[in-house]
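Student: Dropping a structure here in structure tokens format, bear with me for questions.
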Amino acid sequence: MEMFYDITEKLTEELFEGDICVGSLRMLITRKKPFQKIVAAIKDSRSDQIFMVLNGRNKELHAFENVFQDIQEFTQFCHKCKADTETLKHHCETIIRTGLDTVSLDTLVDTSIFVVPIDLQSYQPSVIAFEHISPRILSSLPDIVKSCKIPCFLKFGEGREKKFSNN
């Protein structure tokens, strides 16, 4: 029983610190009800905070997944208009090869800005997974969207120019 408690405590601490592996986070999210029962059984006084943090970390993970998907789609469309997005494409492929489940959430999203208590409705996670890519390359993304004349690319770019320039 002590080992069970230790594992739960370790997961909870990683959750609070934001350095939880994506695979563990996904497991907690998909098994939230059993996890709630476990937290209640071990009588953790922070149970309300634990689930607020779990919901916040879930929002952070979704923010990364949305940006990641947008960048993958973007690089596919860029290929059609011969725009140079090889650095982004390579970075996405590296993340896929590494296996997202083994990556710590705090390497993908700035988890330090999440402080309990927080209004989850207004919380805007900051994706940092692509920070080390040259600012010159990232700043060119909205220009590529504006200048490309392929109809499907223009449709893809609608409403996303701001999204790329903000992340």
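Labels used: A, B, ... for chains in the order of the structure tokens, numbers from 1 for residues in each chain, and numbers from 1 for ligands as shown.
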Could you give me, as a PDB file with N, CA and C atoms, in the first residue's frame, the residues within 7 Å of stretch 16-24 of chain A, counting only C-alpha atoms and dropping anything in the same chain fewer than 2 positions from it?
Tutor:
```pdb
ATOM      1  N   THR A  12       1.229  13.268  -8.395  1.00  0.00           N
ATOM      2  CA  THR A  12       0.618  14.519  -7.965  1.00  0.00           C
ATOM      3  C   THR A  12       1.636  15.649  -7.933  1.00  0.00           C
ATOM      4  N   GLU A  13       2.817  15.379  -7.408  1.00  0.00           N
ATOM      5  CA  GLU A  13       3.867  16.402  -7.374  1.00  0.00           C
ATOM      6  C   GLU A  13       4.293  16.810  -8.785  1.00  0.00           C
ATOM      7  N   GLU A  14       4.460  15.830  -9.674  1.00  0.00           N
ATOM      8  CA  GLU A  14       4.808  16.140 -11.064  1.00  0.00           C
ATOM      9  C   GLU A  14       3.706  16.973 -11.711  1.00  0.00           C
ATOM     10  N   ARG A  26      -1.911  12.057 -19.815  1.00  0.00           N
ATOM     11  CA  ARG A  26      -3.029  11.487 -20.576  1.00  0.00           C
ATOM     12  C   ARG A  26      -3.714  10.361 -19.791  1.00  0.00           C
ATOM     13  N   MET A  27      -2.921   9.562 -19.100  1.00  0.00           N
ATOM     14  CA  MET A  27      -3.486   8.485 -18.295  1.00  0.00           C
ATOM     15  C   MET A  27      -4.377   9.063 -17.194  1.00  0.00           C
ATOM     16  N   LEU A  28      -3.908  10.093 -16.510  1.00  0.00           N
ATOM     17  CA  LEU A  28      -4.710  10.704 -15.447  1.00  0.00           C
ATOM     18  C   LEU A  28      -5.986  11.335 -15.999  1.00  0.00           C
ATOM     19  N   VAL A  53      -5.553  21.662 -11.036  1.00  0.00           N
ATOM     20  CA  VAL A  53      -4.271  21.581 -11.751  1.00  0.00           C
ATOM     21  C   VAL A  53      -4.385  20.583 -12.905  1.00  0.00           C
ATOM     22  N   LEU A 100       5.769  11.443 -28.058  1.00  0.00           N
ATOM     23  CA  LEU A 100       5.235  12.506 -27.216  1.00  0.00           C
ATOM     24  C   LEU A 100       4.941  12.035 -25.797  1.00  0.00           C
ATOM     25  N   ASP A 101       4.563  10.781 -25.635  1.00  0.00           N
ATOM     26  CA  ASP A 101       4.214  10.282 -24.297  1.00  0.00           C
ATOM     27  C   ASP A 101       5.386  10.304 -23.325  1.00  0.00           C
ATOM     28  N   THR A 102       6.612  10.293 -23.831  1.00  0.00           N
ATOM     29  CA  THR A 102       7.785  10.286 -22.957  1.00  0.00           C
ATOM     30  C   THR A 102       8.322  11.683 -22.677  1.00  0.00           C
ATOM     31  N   VAL A 103       7.724  12.683 -23.303  1.00  0.00           N
ATOM     32  CA  VAL A 103       8.189  14.065 -23.168  1.00  0.00           C
ATOM     33  C   VAL A 103       7.513  14.721 -21.967  1.00  0.00           C
ATOM     34  N   SER A 104       8.270  15.508 -21.242  1.00  0.00           N
ATOM     35  CA  SER A 104       7.738  16.234 -20.098  1.00  0.00           C
ATOM     36  C   SER A 104       6.938  17.439 -20.591  1.00  0.00           C
ATOM     37  N   LEU A 105       5.772  17.665 -19.985  1.00  0.00           N
ATOM     38  CA  LEU A 105       4.890  18.756 -20.406  1.00  0.00           C
ATOM     39  C   LEU A 105       5.593  20.104 -20.363  1.00  0.00           C
ATOM     40  N   ASP A 106       6.477  20.320 -19.391  1.00  0.00           N
ATOM     41  CA  ASP A 106       7.121  21.628 -19.269  1.00  0.00           C
ATOM     42  C   ASP A 106       8.149  21.916 -20.366  1.00  0.00           C
ATOM     43  N   THR A 111       4.726  25.801 -18.167  1.00  0.00           N
ATOM     44  CA  THR A 111       3.856  25.393 -17.065  1.00  0.00           C
ATOM     45  C   THR A 111       4.025  26.279 -15.836  1.00  0.00           C
TER      46      THR A 111
END
```
Student: Counting only C-alpha atoms, which of A:Asn66, A:Asn58, A:Gln49, A:Thr94 gets nearest to A:Val115?
Tutor: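 Nearest candidate to A:Val115 out of A:Asn66, A:Asn58, A:Gln49, A:Thr94: A:Gln49.
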Student: Residues at most 12 Å from A:Glu9, counting only C-alpha atoms, excluding those fewer than 4 positions away in the same chain, as a ChimeraX atom specification?
Tutor: /A:2-5,13-16,35,38-39,42-44,46-47,50
Student: Those selected residues, please, written with N, CA and C atoms and delivered as an mmCIF file, in the first residue's frame.
Tutor:
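The resulting out08.cif:
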```
data_model
loop_
_atom_site.group_PDB
_atom_site.id
_atom_site.type_symbol
_atom_site.label_atom_id
_atom_site.label_comp_id
_atom_site.auth_asym_id
_atom_site.auth_seq_id
_atom_site.Cartn_x
_atom_site.Cartn_y
_atom_site.Cartn_z
ATOM 1 N N GLU A 2 1.998 1.182 0.688
ATOM 2 C CA GLU A 2 2.883 2.343 0.749
ATOM 3 C C GLU A 2 3.432 2.694 -0.631
ATOM 4 N N MET A 3 3.752 1.677 -1.420
ATOM 5 C CA MET A 3 4.249 1.906 -2.779
ATOM 6 C C MET A 3 3.177 2.584 -3.626
ATOM 7 N N PHE A 4 1.943 2.164 -3.482
ATOM 8 C CA PHE A 4 0.805 2.758 -4.179
ATOM 9 C C PHE A 4 0.673 4.236 -3.818
ATOM 10 N N TYR A 5 0.798 4.531 -2.524
ATOM 11 C CA TYR A 5 0.735 5.913 -2.055
ATOM 12 C C TYR A 5 1.895 6.726 -2.635
ATOM 13 N N GLU A 13 2.817 15.379 -7.408
ATOM 14 C CA GLU A 13 3.867 16.402 -7.374
ATOM 15 C C GLU A 13 4.293 16.810 -8.785
ATOM 16 N N GLU A 14 4.460 15.830 -9.674
ATOM 17 C CA GLU A 14 4.808 16.140 -11.064
ATOM 18 C C GLU A 14 3.706 16.973 -11.711
ATOM 19 N N LEU A 15 2.485 16.666 -11.388
ATOM 20 C CA LEU A 15 1.348 17.414 -11.914
ATOM 21 C C LEU A 15 1.425 18.870 -11.451
ATOM 22 N N PHE A 16 1.649 19.089 -10.159
ATOM 23 C CA PHE A 16 1.752 20.446 -9.625
ATOM 24 C C PHE A 16 2.944 21.199 -10.207
ATOM 25 N N PHE A 35 -8.946 8.098 -10.500
ATOM 26 C CA PHE A 35 -7.927 8.899 -9.820
ATOM 27 C C PHE A 35 -8.558 9.705 -8.687
ATOM 28 N N ILE A 38 -8.930 7.459 -5.798
ATOM 29 C CA ILE A 38 -7.633 7.202 -5.157
ATOM 30 C C ILE A 38 -7.244 8.380 -4.266
ATOM 31 N N VAL A 39 -7.394 9.585 -4.787
ATOM 32 C CA VAL A 39 -7.046 10.785 -4.014
ATOM 33 C C VAL A 39 -7.914 10.863 -2.758
ATOM 34 N N ILE A 42 -6.688 8.212 -0.171
ATOM 35 C CA ILE A 42 -5.459 8.531 0.564
ATOM 36 C C ILE A 42 -5.607 9.819 1.375
ATOM 37 N N LYS A 43 -6.791 10.416 1.266
ATOM 38 C CA LYS A 43 -7.139 11.596 2.064
ATOM 39 C C LYS A 43 -6.148 12.746 1.865
ATOM 40 N N ASP A 44 -5.861 13.045 0.610
ATOM 41 C CA ASP A 44 -4.987 14.177 0.285
ATOM 42 C C ASP A 44 -5.779 15.463 0.483
ATOM 43 N N ARG A 46 -5.274 18.297 -0.563
ATOM 44 C CA ARG A 46 -5.242 19.194 -1.726
ATOM 45 C C ARG A 46 -6.117 18.681 -2.867
ATOM 46 N N SER A 47 -7.069 17.822 -2.610
ATOM 47 C CA SER A 47 -7.818 17.164 -3.690
ATOM 48 C C SER A 47 -8.463 18.165 -4.647
ATOM 49 N N ILE A 50 -5.714 19.554 -6.754
ATOM 50 C CA ILE A 50 -5.179 18.539 -7.663
ATOM 51 C C ILE A 50 -5.995 18.507 -8.952
#
```
Student: Could you give me, as a ChimeraX atom specification, the residues within 10 Å of A:Ile71, counting only C-alpha atoms and dropping anything in the same chain fewer than 3 positions from it?
Tutor: /A:65-68,74-77,85,88-89,92,130,141,164
Student: I need the chosen residues saved as a PDB file, in the first residue's frame, with N, CA and C atoms.
Tutor:
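Once everything was written out, this is result.pdb:
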```pdb
ATOM      1  N   GLU A  65      -1.052  20.509 -28.522  1.00  0.00           N
ATOM      2  CA  GLU A  65      -1.541  19.642 -29.592  1.00  0.00           C
ATOM      3  C   GLU A  65      -2.153  20.448 -30.731  1.00  0.00           C
ATOM      4  N   ASN A  66      -2.872  21.523 -30.415  1.00  0.00           N
ATOM      5  CA  ASN A  66      -3.467  22.361 -31.458  1.00  0.00           C
ATOM      6  C   ASN A  66      -2.397  23.085 -32.274  1.00  0.00           C
ATOM      7  N   VAL A  67      -1.412  23.650 -31.588  1.00  0.00           N
ATOM      8  CA  VAL A  67      -0.327  24.343 -32.301  1.00  0.00           C
ATOM      9  C   VAL A  67       0.464  23.342 -33.134  1.00  0.00           C
ATOM     10  N   PHE A  68       0.749  22.177 -32.565  1.00  0.00           N
ATOM     11  CA  PHE A  68       1.495  21.145 -33.270  1.00  0.00           C
ATOM     12  C   PHE A  68       0.759  20.718 -34.543  1.00  0.00           C
ATOM     13  N   PHE A  74       0.426  23.308 -41.735  1.00  0.00           N
ATOM     14  CA  PHE A  74       1.067  24.451 -42.370  1.00  0.00           C
ATOM     15  C   PHE A  74       2.258  24.013 -43.217  1.00  0.00           C
ATOM     16  N   THR A  75       3.103  23.151 -42.673  1.00  0.00           N
ATOM     17  CA  THR A  75       4.278  22.711 -43.428  1.00  0.00           C
ATOM     18  C   THR A  75       3.877  21.884 -44.644  1.00  0.00           C
ATOM     19  N   GLN A  76       2.792  21.132 -44.541  1.00  0.00           N
ATOM     20  CA  GLN A  76       2.309  20.372 -45.701  1.00  0.00           C
ATOM     21  C   GLN A  76       1.844  21.320 -46.805  1.00  0.00           C
ATOM     22  N   PHE A  77       1.119  22.356 -46.427  1.00  0.00           N
ATOM     23  CA  PHE A  77       0.668  23.326 -47.421  1.00  0.00           C
ATOM     24  C   PHE A  77       1.845  24.123 -47.997  1.00  0.00           C
ATOM     25  N   THR A  85      10.006  25.628 -45.065  1.00  0.00           N
ATOM     26  CA  THR A  85       9.603  25.354 -43.680  1.00  0.00           C
ATOM     27  C   THR A  85      10.256  24.049 -43.201  1.00  0.00           C
ATOM     28  N   LEU A  88      10.812  23.697 -39.381  1.00  0.00           N
ATOM     29  CA  LEU A  88       9.591  23.342 -38.654  1.00  0.00           C
ATOM     30  C   LEU A  88       9.218  21.882 -38.883  1.00  0.00           C
ATOM     31  N   LYS A  89       9.294  21.461 -40.127  1.00  0.00           N
ATOM     32  CA  LYS A  89       8.946  20.080 -40.470  1.00  0.00           C
ATOM     33  C   LYS A  89       9.863  19.106 -39.730  1.00  0.00           C
ATOM     34  N   CYS A  92       8.939  18.926 -36.022  1.00  0.00           N
ATOM     35  CA  CYS A  92       7.725  18.114 -35.834  1.00  0.00           C
ATOM     36  C   CYS A  92       8.055  16.626 -35.946  1.00  0.00           C
ATOM     37  N   PHE A 130       8.440  25.247 -29.710  1.00  0.00           N
ATOM     38  CA  PHE A 130       9.089  25.699 -30.936  1.00  0.00           C
ATOM     39  C   PHE A 130       9.935  26.948 -30.706  1.00  0.00           C
ATOM     40  N   LEU A 141       6.349  33.152 -40.952  1.00  0.00           N
ATOM     41  CA  LEU A 141       5.161  32.324 -41.148  1.00  0.00           C
ATOM     42  C   LEU A 141       3.935  33.130 -41.582  1.00  0.00           C
ATOM     43  N   PHE A 164      -0.413  32.013 -35.639  1.00  0.00           N
ATOM     44  CA  PHE A 164       1.005  31.704 -35.826  1.00  0.00           C
ATOM     45  C   PHE A 164       1.886  32.837 -35.322  1.00  0.00           C
TER      46      PHE A 164
END
```
Student: Which one of A:Ser112, A:Thr87, A:Thr107, A:Thr8 sits closest to A:Ala40 if you count only C-alpha atoms?
Tutor: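 When distances to A:Ala40 are compared using only C-alpha atoms, the smallest one comes from A:Thr8.
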Student: When distances are computed from only C-alpha atoms, which of A:His79, A:Ile113, A:Ile96, A:Ile7 shows the smallest separation from A:Glu60?
Tutor: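 Checking each candidate against A:Glu60, we get A:Ile113 as the closest.
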Student: Among stretch 15-103 of chain A, which residues does DSSP mark as alpha helix (DSSP H) when it is run on the backbone? Keep the chain and numbering as in the structure and answer as a ChimeraX atom specification.
Tutor: /A:15-17,22-30,32-41,47-80,86-98
Student: Do you have the atom CA of A:Leu25-atom CA of A:Leu108 distance handy?
Tutor: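 That distance, rounded to one decimal, is 13.1 Å.
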Student: Have a look at A:Lys37, A:Arg31, A:Lys10, A:Lys59 and name the one nearest to A:Ser122; count only C-alpha atoms.
Tutor: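 Residue with the minimum atom-to-atom distance to A:Ser122: A:Lys59.
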Student: Which of these, A:Gln72, A:Phe64, A:Asp48, A:Pro125, has the shortest distance to A:His90 once you count only C-alpha atoms?
Tutor: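 The answer is A:Gln72, which sits nearest to A:His90.
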Student: By how many Å are atom CA of A:Gln121 and atom CA of A:Leu54 apart?
Tutor: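 Atom-to-atom, atom CA of A:Gln121 to atom CA of A:Leu54, that is 14.1 Å.
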